[in-house]
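Let me begin by presenting the structure, written as structure tokens, before commenting on it.
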Amino acid sequence: MDVYVKAKLDHSQLNAKESIGCDGIELQLLGELAKVSYSKYSDTTELINLQDFSQYKVKVVHAPLYRGGGSLDCELEMLTENNASALKHCFQVANYFGEIQDTDVTLVVHSMEHFKYLKDTCRWGRVVQAVNECLQEFSRVTLAIENASPIRSIENGVPIFSNNVYSSSIEMAKELRCILKTDRVGTVLDVCHALLTDKYVTAIHNAMADLEYSQPDTSLARYYEMSKETLKLVHLARYTGSGYGKGRHGIAFTDDSYAMLRRILATHLHYAPECPITIEVEENNYLKCDGYRNTKKLLEEALDELGHSTI
């Protein structure tokens with residue numbers, strides 16, 4: 001089982017993460033692809049000198065988090081707008097690293113739309129067409145849709161919830177695999193998002209107890225079970241408190257949370273022992289990488305206890 005680390009397109013950060021040790025990099029794109037209009041698809045060499053980063057073991061590329069003024073931009077529905085030029089840019093970055101390493105690279109995207117409702121709109125046809133075109137053009141890329149965090153944002157003190165939680169991303173991936181007759185579409189299981197979904201679904205169920213409906217199984221084990229045909233990657237982190245915002249989301253593991261980490265890894269080894277894991281944790285200093293360093297150390301200890309090695 002390979003263990004990756006997440007880093008942005010920055011030599012100092014990439015070198016710092018690799019110096020600690022990893023099996024590969026998950027490259028987080030930010031604003032690099034927003035330097036020209038998305039209305040015209042152009043070669044990414046106009047945006048990023050990818051050759052400057054060819055020495056890094058990039059195994060995964062995560063679609064951009066922000067565009068322009070800061071709106072979320074990693075959503076598959078948004079990336080397929082304007083002739084899918086944004087999605088093609090992301091595929092081209094991933095394909096570059098796939099070609100120079102002679103391996104397939106996973107491209108991670110989000111989706112905030114519930115699949116049941118997305119299918120009822122014209123946007124679904126656009127998504128299918130765009131994904132098909134990108135898979136045909138960029139042969140070294142596998143697309144993976146990540147399960148969403150239940151809280152999308154907070155506006156004027158009011159939480160805005162995501163429409164795509166629980167099994168929606170899995171259903172979307174399965175439908176794309178079926179329509180396009182490919183296994184180059186799959187899912188990412190974000191552990192932090194899954195644990196938060198369980199937290200909030202349980203709270204809502206308790207608040208609606210008078211309706212006497214059966215609470216769905218939103219456990220992490222159930223996520224793994226539902227993803228067994230589609231799982232390409234796992235994002236590893238935890239949450240504290242509400243799980244929303246800096247200092248509460250994507251939290252590194254410590255000695256105090258070691259038991260939780262061990263339970264997560266035991267579940268992972270039971271359902272998907274060969275699936276790679278990206279340690280995706282917030283840092284106080286992204287050049288010191290204490291969160292990644294400590295989480296990696298504890299992960300290796302837990303895997304050793306569980307009779308499994310990362311080597």
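How things are named: the first chain in the structure tokens is A, the next is B, and so on; residues count from 1 in each chain; ligands count from 1 in the order shown.
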Practice problem: Assign secondary structure with DSSP using the backbone only, and return the residues of range 113-309 of chain A in strand (DSSP E) as an NGL selection string. | Solution: :A and (141-146 or 151-155 or 158-161 or 185-190 or 231-236 or 277-279)
For Leu233 in chain A, work out the shell of residues within 8 Å, counting only C-alpha atoms and skipping chain neighbours fewer than 3 positions away, then give it as number ranges by chain. A: 144, 187-189, 275-278
Item to check | Contacts of Gly24 in chain A within 6 Å, only C-alpha atoms, excl. fewer than 5 positions in-chain, as a list in words | outcome: Tyr4, Lys57, Val58 and Lys59 of chain A
message = My list of candidates is A:Val234, A:Leu76, A:Leu27, A:Leu87. Which is closest to Ser169 in chain A when distances are computed with only C-alpha atoms?
response =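 Smallest separation from Ser169 in chain A among the options: A:Leu76.
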For range 175-182 of chain A, find every residue with an atom within 10 Å (counting only C-alpha atoms), except residues of its own chain fewer than 2 positions away, and show them as a PDB file with C-alpha atoms, in the first residue's frame.
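Written output follows (around.pdb):
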ATOM      1  CA  PHE A 115     -26.590  12.708  -8.587  1.00  0.00           C
ATOM      2  CA  VAL A 127     -20.603  16.082 -17.867  1.00  0.00           C
ATOM      3  CA  VAL A 128     -20.788  12.744 -19.699  1.00  0.00           C
ATOM      4  CA  GLN A 129     -19.616  14.281 -22.974  1.00  0.00           C
ATOM      5  CA  VAL A 131     -15.472  13.274 -19.350  1.00  0.00           C
ATOM      6  CA  ASN A 132     -15.612  11.045 -22.420  1.00  0.00           C
ATOM      7  CA  LEU A 135     -10.560  10.277 -21.322  1.00  0.00           C
ATOM      8  CA  THR A 142      -8.074   8.230 -14.355  1.00  0.00           C
ATOM      9  CA  SER A 169     -20.386  10.423  -5.818  1.00  0.00           C
ATOM     10  CA  ILE A 170     -20.243   6.616  -5.962  1.00  0.00           C
ATOM     11  CA  GLU A 171     -23.474   6.451  -7.954  1.00  0.00           C
ATOM     12  CA  MET A 172     -22.143   9.109 -10.331  1.00  0.00           C
ATOM     13  CA  ALA A 173     -18.894   7.206 -10.903  1.00  0.00           C
ATOM     14  CA  ARG A 184     -10.867   4.919 -15.736  1.00  0.00           C
ATOM     15  CA  VAL A 185     -13.536   6.617 -13.641  1.00  0.00           C
ATOM     16  CA  GLY A 186     -13.728   5.950  -9.915  1.00  0.00           C
ATOM     17  CA  THR A 230     -14.814   2.194  -7.726  1.00  0.00           C
TER      18      THR A 230
END
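Among the candidates A:Val60, A:Ala209, A:Cys134, A:Ala84, the residue lying nearest to Leu107 in chain A is A:Val60 (atoms considered: only C-alpha atoms).
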In terms of only C-alpha atoms, the residue from A:Gly307, A:Gly157, A:Gly250, A:Gly245 at minimal distance from Lys6 in chain A is A:Gly250
